[in-house]
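Text of start_16.pdb, listed as PDB, C-alpha atoms and all ligand atoms:
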ATOM      1  CA  MET A   1      82.848  93.058 115.357  1.00  0.00           C
ATOM      2  CA  MET A   2      84.834  90.384 113.546  1.00  0.00           C
ATOM      3  CA  TYR A   3      86.774  90.927 110.367  1.00  0.00           C
ATOM      4  CA  ARG A   4      86.956  88.549 107.412  1.00  0.00           C
ATOM      5  CA  LEU A   5      89.320  87.889 104.525  1.00  0.00           C
ATOM      6  CA  GLN A   6      87.136  86.562 101.732  1.00  0.00           C
ATOM      7  CA  PRO A   7      88.663  85.379  98.428  1.00  0.00           C
ATOM      8  CA  ILE A   8      87.544  87.736  95.660  1.00  0.00           C
ATOM      9  CA  ARG A   9      84.758  86.488  93.394  1.00  0.00           C
ATOM     10  CA  LEU A  10      83.583  87.481  89.957  1.00  0.00           C
ATOM     11  CA  GLU A  11      80.546  89.142  91.510  1.00  0.00           C
ATOM     12  CA  ASP A  12      82.914  91.569  93.314  1.00  0.00           C
ATOM     13  CA  GLU A  13      84.208  92.859  89.946  1.00  0.00           C
ATOM     14  CA  ALA A  14      82.320  96.180  89.843  1.00  0.00           C
ATOM     15  CA  MET A  15      82.865  97.000  93.515  1.00  0.00           C
ATOM     16  CA  ILE A  16      86.616  96.380  93.339  1.00  0.00           C
ATOM     17  CA  LEU A  17      86.921  98.471  90.158  1.00  0.00           C
ATOM     18  CA  ALA A  18      85.173 101.401  91.833  1.00  0.00           C
ATOM     19  CA  ALA A  19      87.341 101.062  94.956  1.00  0.00           C
ATOM     20  CA  ARG A  20      90.575 100.775  92.980  1.00  0.00           C
ATOM     21  CA  ASN A  21      89.699 103.823  90.850  1.00  0.00           C
ATOM     22  CA  ALA A  22      88.815 106.040  93.813  1.00  0.00           C
ATOM     23  CA  GLU A  23      91.167 109.014  93.930  1.00  0.00           C
ATOM     24  CA  HIS A  24      92.282 108.325  97.527  1.00  0.00           C
ATOM     25  CA  VAL A  25      93.368 104.802  96.513  1.00  0.00           C
ATOM     26  CA  ARG A  26      94.816 105.131  93.035  1.00  0.00           C
ATOM     27  CA  MET A  27      97.117 108.020  93.969  1.00  0.00           C
ATOM     28  CA  PHE A  28      99.154 105.473  95.985  1.00  0.00           C
ATOM     29  CA  MET A  29      99.149 102.726  93.326  1.00  0.00           C
ATOM     30  CA  MET A  30     101.959 102.081  90.839  1.00  0.00           C
ATOM     31  CA  THR A  31      99.413 102.433  88.016  1.00  0.00           C
ATOM     32  CA  GLN A  32      97.746 105.718  88.853  1.00  0.00           C
ATOM     33  CA  SER A  33      95.583 106.143  85.773  1.00  0.00           C
ATOM     34  CA  ILE A  34      91.917 105.120  85.781  1.00  0.00           C
ATOM     35  CA  ILE A  35      91.581 101.372  85.172  1.00  0.00           C
ATOM     36  CA  THR A  36      89.067 100.646  82.399  1.00  0.00           C
ATOM     37  CA  PRO A  37      86.339  98.017  82.883  1.00  0.00           C
ATOM     38  CA  GLU A  38      87.963  95.922  80.124  1.00  0.00           C
ATOM     39  CA  VAL A  39      91.399  95.893  81.759  1.00  0.00           C
ATOM     40  CA  HIS A  40      89.822  95.179  85.134  1.00  0.00           C
ATOM     41  CA  ALA A  41      87.715  92.320  83.726  1.00  0.00           C
ATOM     42  CA  ALA A  42      90.867  90.638  82.380  1.00  0.00           C
ATOM     43  CA  TRP A  43      92.711  91.280  85.661  1.00  0.00           C
ATOM     44  CA  ILE A  44      90.104  89.728  87.922  1.00  0.00           C
ATOM     45  CA  ARG A  45      89.716  86.676  85.672  1.00  0.00           C
ATOM     46  CA  ALA A  46      93.474  86.156  85.660  1.00  0.00           C
ATOM     47  CA  LYS A  47      93.591  86.439  89.460  1.00  0.00           C
ATOM     48  CA  LEU A  48      90.802  83.902  89.873  1.00  0.00           C
ATOM     49  CA  ALA A  49      92.775  81.471  87.717  1.00  0.00           C
ATOM     50  CA  ARG A  50      96.070  81.845  89.618  1.00  0.00           C
ATOM     51  CA  GLU A  51      96.118  79.840  92.793  1.00  0.00           C
ATOM     52  CA  ARG A  52      99.413  81.321  93.982  1.00  0.00           C
ATOM     53  CA  GLU A  53      98.244  84.915  93.617  1.00  0.00           C
ATOM     54  CA  PRO A  54      95.483  84.979  96.227  1.00  0.00           C
ATOM     55  CA  TYR A  55      93.399  88.132  96.410  1.00  0.00           C
ATOM     56  CA  TYR A  56      90.988  88.851  99.230  1.00  0.00           C
ATOM     57  CA  LEU A  57      88.300  91.335 100.076  1.00  0.00           C
ATOM     58  CA  PHE A  58      88.595  92.518 103.672  1.00  0.00           C
ATOM     59  CA  LEU A  59      85.282  92.854 105.475  1.00  0.00           C
ATOM     60  CA  HIS A  60      84.359  94.451 108.762  1.00  0.00           C
ATOM     61  CA  GLY A  61      81.310  92.443 109.719  1.00  0.00           C
ATOM     62  CA  ASP A  62      79.540  92.168 106.361  1.00  0.00           C
ATOM     63  CA  ARG A  63      80.891  95.396 104.970  1.00  0.00           C
ATOM     64  CA  PRO A  64      83.787  95.301 102.467  1.00  0.00           C
ATOM     65  CA  ILE A  65      86.411  97.888 103.448  1.00  0.00           C
ATOM     66  CA  GLY A  66      89.668  96.744 101.844  1.00  0.00           C
ATOM     67  CA  VAL A  67      91.518  94.632  99.319  1.00  0.00           C
ATOM     68  CA  VAL A  68      94.809  92.741  99.676  1.00  0.00           C
ATOM     69  CA  GLY A  69      96.533  90.260  97.404  1.00  0.00           C
ATOM     70  CA  ILE A  70      99.612  88.961  95.676  1.00  0.00           C
ATOM     71  CA  THR A  71     100.963  89.815  92.264  1.00  0.00           C
ATOM     72  CA  HIS A  72     104.101  88.817  90.292  1.00  0.00           C
ATOM     73  CA  TYR A  73     104.434  85.451  92.051  1.00  0.00           C
ATOM     74  CA  ALA A  74     107.721  83.704  91.268  1.00  0.00           C
ATOM     75  CA  GLU A  75     107.436  79.962  91.828  1.00  0.00           C
ATOM     76  CA  ALA A  76     111.190  79.303  92.036  1.00  0.00           C
ATOM     77  CA  LEU A  77     111.536  81.777  94.901  1.00  0.00           C
ATOM     78  CA  ARG A  78     108.059  81.225  96.382  1.00  0.00           C
ATOM     79  CA  SER A  79     108.007  84.987  96.442  1.00  0.00           C
ATOM     80  CA  GLY A  80     105.294  87.445  95.504  1.00  0.00           C
ATOM     81  CA  GLU A  81     104.677  91.182  95.713  1.00  0.00           C
ATOM     82  CA  TRP A  82     101.673  92.329  97.656  1.00  0.00           C
ATOM     83  CA  GLY A  83      99.244  95.105  96.922  1.00  0.00           C
ATOM     84  CA  PHE A  84      96.637  96.473  99.292  1.00  0.00           C
ATOM     85  CA  TYR A  85      94.350  99.305 100.205  1.00  0.00           C
ATOM     86  CA  ILE A  86      91.611 100.190 102.650  1.00  0.00           C
ATOM     87  CA  PHE A  87      89.021 101.932 100.480  1.00  0.00           C
ATOM     88  CA  ALA A  88      86.336 102.741 103.081  1.00  0.00           C
ATOM     89  CA  THR A  89      87.161 106.240 104.261  1.00  0.00           C
ATOM     90  CA  ASP A  90      85.494 105.600 107.641  1.00  0.00           C
ATOM     91  CA  ALA A  91      87.158 102.219 108.359  1.00  0.00           C
ATOM     92  CA  PRO A  92      87.936 101.566 112.035  1.00  0.00           C
ATOM     93  CA  LYS A  93      91.378 102.679 113.174  1.00  0.00           C
ATOM     94  CA  GLY A  94      93.730  99.709 113.009  1.00  0.00           C
ATOM     95  CA  ALA A  95      91.841  98.103 110.107  1.00  0.00           C
ATOM     96  CA  GLY A  96      94.839  98.283 107.759  1.00  0.00           C
ATOM     97  CA  THR A  97      97.244  96.718 110.230  1.00  0.00           C
ATOM     98  CA  THR A  98      94.714  93.995 111.054  1.00  0.00           C
ATOM     99  CA  MET A  99      94.112  93.157 107.380  1.00  0.00           C
ATOM    100  CA  LEU A 100      97.820  92.979 106.610  1.00  0.00           C
ATOM    101  CA  ALA A 101      98.838  90.935 109.661  1.00  0.00           C
ATOM    102  CA  ALA A 102      96.119  88.358 108.967  1.00  0.00           C
ATOM    103  CA  PHE A 103      97.024  88.226 105.283  1.00  0.00           C
ATOM    104  CA  LEU A 104     100.730  87.716 105.951  1.00  0.00           C
ATOM    105  CA  ASP A 105      99.952  84.984 108.430  1.00  0.00           C
ATOM    106  CA  GLU A 106      97.792  83.256 105.835  1.00  0.00           C
ATOM    107  CA  VAL A 107     100.246  83.395 102.905  1.00  0.00           C
ATOM    108  CA  PHE A 108     103.168  82.178 105.012  1.00  0.00           C
ATOM    109  CA  ARG A 109     100.897  79.391 106.256  1.00  0.00           C
ATOM    110  CA  GLN A 110     100.217  78.606 102.573  1.00  0.00           C
ATOM    111  CA  GLY A 111     103.969  78.157 102.046  1.00  0.00           C
ATOM    112  CA  PHE A 112     105.165  81.504 100.763  1.00  0.00           C
ATOM    113  CA  GLY A 113     108.879  82.143 101.258  1.00  0.00           C
ATOM    114  CA  ARG A 114     108.857  85.912 100.896  1.00  0.00           C
ATOM    115  CA  VAL A 115     106.545  88.868 100.397  1.00  0.00           C
ATOM    116  CA  THR A 116     107.937  91.962  98.692  1.00  0.00           C
ATOM    117  CA  SER A 117     106.426  95.394  98.382  1.00  0.00           C
ATOM    118  CA  LEU A 118     106.862  98.538  96.298  1.00  0.00           C
ATOM    119  CA  VAL A 119     105.905 101.730  98.096  1.00  0.00           C
ATOM    120  CA  PHE A 120     106.153 105.310  96.853  1.00  0.00           C
ATOM    121  CA  THR A 121     108.834 106.939  98.951  1.00  0.00           C
ATOM    122  CA  ASP A 122     106.423 109.645 100.097  1.00  0.00           C
ATOM    123  CA  ASN A 123     103.730 107.191 101.348  1.00  0.00           C
ATOM    124  CA  VAL A 124     104.645 107.700 104.993  1.00  0.00           C
ATOM    125  CA  LYS A 125     101.753 105.714 106.424  1.00  0.00           C
ATOM    126  CA  SER A 126     102.585 102.665 104.323  1.00  0.00           C
ATOM    127  CA  HIS A 127     106.287 102.777 105.255  1.00  0.00           C
ATOM    128  CA  ARG A 128     105.359 102.883 108.922  1.00  0.00           C
ATOM    129  CA  LEU A 129     103.103  99.901 108.431  1.00  0.00           C
ATOM    130  CA  HIS A 130     105.807  97.849 106.684  1.00  0.00           C
ATOM    131  CA  GLU A 131     108.304  98.665 109.410  1.00  0.00           C
ATOM    132  CA  LYS A 132     105.820  97.728 112.127  1.00  0.00           C
ATOM    133  CA  LEU A 133     105.064  94.402 110.414  1.00  0.00           C
ATOM    134  CA  GLY A 134     108.775  93.512 110.378  1.00  0.00           C
ATOM    135  CA  PHE A 135     109.656  94.168 106.735  1.00  0.00           C
ATOM    136  CA  THR A 136     113.238  95.081 105.869  1.00  0.00           C
ATOM    137  CA  ARG A 137     113.863  98.140 103.717  1.00  0.00           C
ATOM    138  CA  ASP A 138     115.719  96.676 100.753  1.00  0.00           C
ATOM    139  CA  SER A 139     116.398  99.441  98.241  1.00  0.00           C
ATOM    140  CA  VAL A 140     115.123 102.533  96.506  1.00  0.00           C
ATOM    141  CA  ILE A 141     114.363 102.570  92.794  1.00  0.00           C
ATOM    142  CA  VAL A 142     114.822 106.126  91.579  1.00  0.00           C
ATOM    143  CA  GLY A 143     112.190 107.392  89.140  1.00  0.00           C
ATOM    144  CA  PHE A 144     110.426 104.009  89.065  1.00  0.00           C
ATOM    145  CA  VAL A 145     107.215 105.308  87.596  1.00  0.00           C
ATOM    146  CA  GLN A 146     106.145 108.813  86.548  1.00  0.00           C
ATOM    147  CA  ASN A 147     109.502 110.028  87.821  1.00  0.00           C
ATOM    148  CA  LYS A 148     108.623 109.017  91.385  1.00  0.00           C
ATOM    149  CA  ASP A 149     110.953 107.053  93.641  1.00  0.00           C
ATOM    150  CA  VAL A 150     109.843 103.765  95.113  1.00  0.00           C
ATOM    151  CA  THR A 151     111.105 101.911  98.196  1.00  0.00           C
ATOM    152  CA  VAL A 152     111.357  98.116  97.991  1.00  0.00           C
ATOM    153  CA  TRP A 153     110.478  96.209 101.173  1.00  0.00           C
ATOM    154  CA  ALA A 154     110.813  92.482 101.840  1.00  0.00           C
ATOM    155  CA  LEU A 155     109.705  90.062 104.553  1.00  0.00           C
ATOM    156  CA  ASN A 156     110.520  86.354 104.689  1.00  0.00           C
ATOM    157  CA  GLY A 157     108.783  83.569 106.575  1.00  0.00           C
ATOM    158  CA  LEU A 158     111.347  83.464 109.355  1.00  0.00           C
ATOM    159  CA  GLN A 159     111.088  87.194 109.983  1.00  0.00           C
ATOM    160  CA  TRP A 160     107.312  86.877 110.094  1.00  0.00           C
ATOM    161  CA  GLN A 161     107.439  84.009 112.601  1.00  0.00           C
ATOM    162  CA  ARG A 162     109.409  86.303 114.907  1.00  0.00           C
ATOM    163  CA  GLN A 163     106.971  89.148 114.416  1.00  0.00           C
ATOM    164  CA  ARG A 164     103.579  87.422 114.420  1.00  0.00           C
ATOM    165  CA  GLU A 165     103.165  87.114 118.162  1.00  0.00           C
ATOM    166  CA  ASN A 166     102.963  90.901 118.377  1.00  0.00           C
ATOM    167  CA  PHE A 167      99.885  90.696 116.139  1.00  0.00           C
ATOM    168  CA  LEU A 168      98.110  87.646 117.559  1.00  0.00           C
ATOM    169  CA  GLU A 169      95.133  89.601 118.814  1.00  0.00           C
ATOM    170  CA  MET A 170      94.630  91.136 115.377  1.00  0.00           C
ATOM    171  CA  ILE A 171      95.189  87.828 113.568  1.00  0.00           C
ATOM    172  CA  ASN A 172      92.621  86.162 115.794  1.00  0.00           C
ATOM    173  CA  ALA A 173      90.088  88.872 115.006  1.00  0.00           C
ATOM    174  CA  VAL A 174      90.086  87.857 111.332  1.00  0.00           C
ATOM    175  CA  GLN A 175      88.325  84.854 109.907  1.00  0.00           C
ATOM    176  CA  VAL A 176      90.128  83.720 106.752  1.00  0.00           C
ATOM    177  CA  GLU A 177      87.941  81.931 104.230  1.00  0.00           C
ATOM    178  CA  SER A 178      89.698  79.260 102.196  1.00  0.00           C
ATOM    179  CA  LEU A 179      90.425  79.843  98.532  1.00  0.00           C
TER
HETATM  180  C1  LIG A 201      97.957 102.293 104.086  1.00  0.00           C
HETATM  181  C2  LIG A 201      96.580 101.913 104.580  1.00  0.00           C
HETATM  182  C3  LIG A 201      96.227 100.491 104.137  1.00  0.00           C
HETATM  183  C4  LIG A 201      96.570 101.984 106.096  1.00  0.00           C
HETATM  184  O1  LIG A 201      95.285 101.608 106.543  1.00  0.00           O
HETATM  185  P1  LIG A 201      94.709 102.125 107.952  1.00  0.00           P
HETATM  186  O2  LIG A 201      93.434 101.411 108.198  1.00  0.00           O
HETATM  187  O3  LIG A 201      94.714 103.594 107.989  1.00  0.00           O
HETATM  188  O4  LIG A 201      95.821 101.569 108.913  1.00  0.00           O
HETATM  189  P2  LIG A 201      95.840 101.591 110.482  1.00  0.00           P
HETATM  190  O5  LIG A 201      94.605 102.237 111.045  1.00  0.00           O
HETATM  191  O6  LIG A 201      96.151 100.209 110.902  1.00  0.00           O
HETATM  192  O7  LIG A 201      97.051 102.565 110.799  1.00  0.00           O
HETATM  193  C5  LIG A 201      98.297 102.457 110.239  1.00  0.00           C
HETATM  194  C6  LIG A 201      99.121 103.567 110.815  1.00  0.00           C
HETATM  195  O8  LIG A 201      98.562 104.835 110.471  1.00  0.00           O
HETATM  196  C7  LIG A 201      98.189 105.565 111.668  1.00  0.00           C
HETATM  197  N1  LIG A 201      96.869 106.129 111.491  1.00  0.00           N
HETATM  198  C8  LIG A 201      95.733 105.510 111.157  1.00  0.00           C
HETATM  199  N2  LIG A 201      94.710 106.357 111.092  1.00  0.00           N
HETATM  200  C9  LIG A 201      95.216 107.546 111.410  1.00  0.00           C
HETATM  201  C10 LIG A 201      94.669 108.830 111.532  1.00  0.00           C
HETATM  202  N3  LIG A 201      93.380 109.060 111.295  1.00  0.00           N
HETATM  203  N4  LIG A 201      95.492 109.827 111.876  1.00  0.00           N
HETATM  204  C11 LIG A 201      96.793 109.615 112.112  1.00  0.00           C
HETATM  205  N5  LIG A 201      97.390 108.425 112.001  1.00  0.00           N
HETATM  206  C12 LIG A 201      96.597 107.412 111.661  1.00  0.00           C
HETATM  207  C13 LIG A 201      98.095 104.538 112.735  1.00  0.00           C
HETATM  208  O9  LIG A 201      98.359 105.139 113.985  1.00  0.00           O
HETATM  209  C14 LIG A 201      99.135 103.528 112.328  1.00  0.00           C
HETATM  210  O10 LIG A 201     100.393 103.918 112.722  1.00  0.00           O
HETATM  211  P3  LIG A 201     100.950 103.443 114.149  1.00  0.00           P
HETATM  212  O11 LIG A 201     100.771 101.968 114.212  1.00  0.00           O
HETATM  213  O12 LIG A 201     102.347 103.879 114.118  1.00  0.00           O
HETATM  214  O13 LIG A 201     100.092 104.130 115.154  1.00  0.00           O
HETATM  215  C15 LIG A 201      95.497 102.893 104.046  1.00  0.00           C
HETATM  216  O14 LIG A 201      95.793 104.178 104.509  1.00  0.00           O
HETATM  217  C16 LIG A 201      95.366 102.910 102.567  1.00  0.00           C
HETATM  218  O15 LIG A 201      94.701 102.077 101.990  1.00  0.00           O
HETATM  219  N6  LIG A 201      96.020 103.904 101.908  1.00  0.00           N
HETATM  220  C17 LIG A 201      95.871 104.094 100.468  1.00  0.00           C
HETATM  221  C18 LIG A 201      96.427 102.958  99.671  1.00  0.00           C
HETATM  222  C19 LIG A 201      97.864 102.629 100.003  1.00  0.00           C
HETATM  223  O16 LIG A 201      98.652 103.479 100.336  1.00  0.00           O
HETATM  224  N7  LIG A 201      98.187 101.339  99.882  1.00  0.00           N
HETATM  225  C20 LIG A 201      99.536 100.875 100.092  1.00  0.00           C
HETATM  226  C21 LIG A 201     100.338 101.039  98.864  1.00  0.00           C
HETATM  227  S1  LIG A 201     101.978 100.511  99.152  1.00  0.00           S
END
Translate the structure of the given file into structure tokens.
Amino acid sequence: MMYRLQPIRLEDEAMILAARNAEHVRMFMMTQSIITPEVHAAWIRAKLAREREPYYLFLHGDRPIGVVGITHYAEALRSGEWGFYIFATDAPKGAGTTMLAAFLDEVFRQGFGRVTSLVFTDNVKSHRLHEKLGFTRDSVIVGFVQNKDVTVWALNGLQWQRQRENFLEMINAVQVESL
């Protein structure tokens, strides 16, 4: 079954809030407290207004299973930080890697220079994913939030061009809808 990256829409507001607040997702996010509907409403409206901070729902067939997008975009550097999660607990194995490879391919195609990432040092699965995708481990910020250490990862367009052929099958399995 094909996958899709579909730009988020206002009608996805409630679903994304529920997914983002699920315990198995928020425990890995930099903001771990429950997001209120008011904060979320402002967030999604801001995202929809910012062309350079694309956010997508990731669907397996017609079923939403994940979210991936850019935050803190810096125009001068053409650099943004990504955030992502697979919220469906029964998503197919490989779904995360597929979502991320297709997303990276799309943002570098859109002209991004660099994607950065903040990952809790104990999020082993996420570190493995970043490594596999070709990110470079940049630094560790000690006690970044709630006294927890965070690893900073970075990937530039050139590094991705060298890496992308390892992910072609996955990239081709994802239909990316235009913003
Ligand atoms: C991180 C995340 C997106 C990975 O998604 P996923 O769909 O599990 O990813 P994949 O199936 O592509 O697998 C990624 C790695 O985990 C391994 N993995 C996946 N499912 C597994 C399972 N059930 N048991 C053991 N390992 C598993 C895969 O083998 C793969 O590693 P490998 O390539 O070395 O084999 C997902 O776990 C998630 O959303 N976590 C919570 C939010 C989060 O951490 N977001 C990132 C914040 S920085």
Distance query 12 Å from (96.0, 102.5, 90.0) using all atoms listed in the file, result as JSON, numbers by chain: {"A": [16, 17, 18, 19, 20, 21, 22, 23, 24, 25, 26, 27, 28, 29, 30, 31, 32, 33, 34, 35, 36, 39, 40, 83, 84, 85, 145]}
Got time to write the residues from that selection, C-alpha atoms, as a short mmCIF file (atom, residue, chain, number, x, y, z; two decimals), keeping the file's coordinate frame?
data_model
loop_
_atom_site.label_atom_id
_atom_site.label_comp_id
_atom_site.auth_asym_id
_atom_site.auth_seq_id
_atom_site.Cartn_x
_atom_site.Cartn_y
_atom_site.Cartn_z
CA ILE A 16 86.62 96.38 93.34
CA LEU A 17 86.92 98.47 90.16
CA ALA A 18 85.17 101.40 91.83
CA ALA A 19 87.34 101.06 94.96
CA ARG A 20 90.58 100.78 92.98
CA ASN A 21 89.70 103.82 90.85
CA ALA A 22 88.82 106.04 93.81
CA GLU A 23 91.17 109.01 93.93
CA HIS A 24 92.28 108.32 97.53
CA VAL A 25 93.37 104.80 96.51
CA ARG A 26 94.82 105.13 93.04
CA MET A 27 97.12 108.02 93.97
CA PHE A 28 99.15 105.47 95.98
CA MET A 29 99.15 102.73 93.33
CA MET A 30 101.96 102.08 90.84
CA THR A 31 99.41 102.43 88.02
CA GLN A 32 97.75 105.72 88.85
CA SER A 33 95.58 106.14 85.77
CA ILE A 34 91.92 105.12 85.78
CA ILE A 35 91.58 101.37 85.17
CA THR A 36 89.07 100.65 82.40
CA VAL A 39 91.40 95.89 81.76
CA HIS A 40 89.82 95.18 85.13
CA GLY A 83 99.24 95.10 96.92
CA PHE A 84 96.64 96.47 99.29
CA TYR A 85 94.35 99.30 100.20
CA VAL A 145 107.22 105.31 87.60
#
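Of the listed residues (A:Val152, A:Ala91, A:Met99, A:Ala76), A:Met99 comes nearest to A:Ala173; the distances count only C-alpha atoms.
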Selection within 7 Å of ligand LIG 201 (chain A) by all atoms listed in the file, output as a ChimeraX atom specification: /A:24-25,28-29,83-87,91-98,117-120,123,125-126,128-129,132
Å distance separating atom CA of A:Pro64 from atom CA of A:Phe103, one decimal place: 15.3 Å
Nearest to A:Val176 by atom-to-atom distance, counting only C-alpha atoms, from A:Arg109, A:Arg52, A:Arg4, A:His127: A:Arg4
A:Leu57 surroundings by all atoms listed in the file, 8 Å radius, close-in-sequence under 6 positions cut, as an MDAnalysis selection string: chainID A and resid 4:8 64:68
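Counting from atom CA of A:Val115, the distance to atom CA of A:Gln146 is 24.3 Å.
The space separating atom CA of A:Arg164 from atom CA of A:Tyr3 comes to 17.6 Å.
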Result set of the PyMOL selection byres (((chain A and resi 141) around 8) and not hetatm) on the coordinates above, as a list in words: Ser139, Val140, Val142, Gly143, Phe144, Asp149, Val150, Thr151 and Val152 of chain A
The PyMOL selection byres (((chain A and resi 72) around 10) and not hetatm) applied to the shown file, residues as a ChimeraX atom specification: /A:52-53,70-71,73-75,79-82,116
Axis-aligned box for all listed atoms of stretch 84-87 of chain A, 6 Å per side, centre and edges in Å to one decimal, as JSON:
{"center_x": 92.8, "center_y": 99.2, "center_z": 101.0, "size_x": 19.6, "size_y": 17.5, "size_z": 15.4}
Nearest candidate to A:Glu177 (options A:Arg50, A:Thr136, A:Ala42, A:Tyr56; using all atoms listed in the file): A:Tyr56
Residues near stretch 111-114 of chain A, cut-off 8 Å, all atoms listed in the file, skip fewer than 6 positions along chain, as a PyMOL selection string: chain A and resi 77-80+154-157
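Counting all atoms listed in the file, the residue from A:Val124, A:Ala88, A:Leu59, A:Val174 that sits nearest to A:Ala102 is A:Val174.
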Who sits within 8 Å of A:Gln163, all atoms listed in the file, same chain under 3 positions skipped, as a PyMOL selection string: chain A and resi 133-134+159-160+166-167
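The smallest atom-to-atom distance between A:Asp90 and any of A:Gly69, A:Arg162, A:Arg63, A:Asp105, using only C-alpha atoms, is found for A:Arg63.
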Residue among A:Glu11, A:Glu106, A:Glu131, A:Asp122 lying closest to A:Ala41, counting all atoms listed in the file: A:Glu11
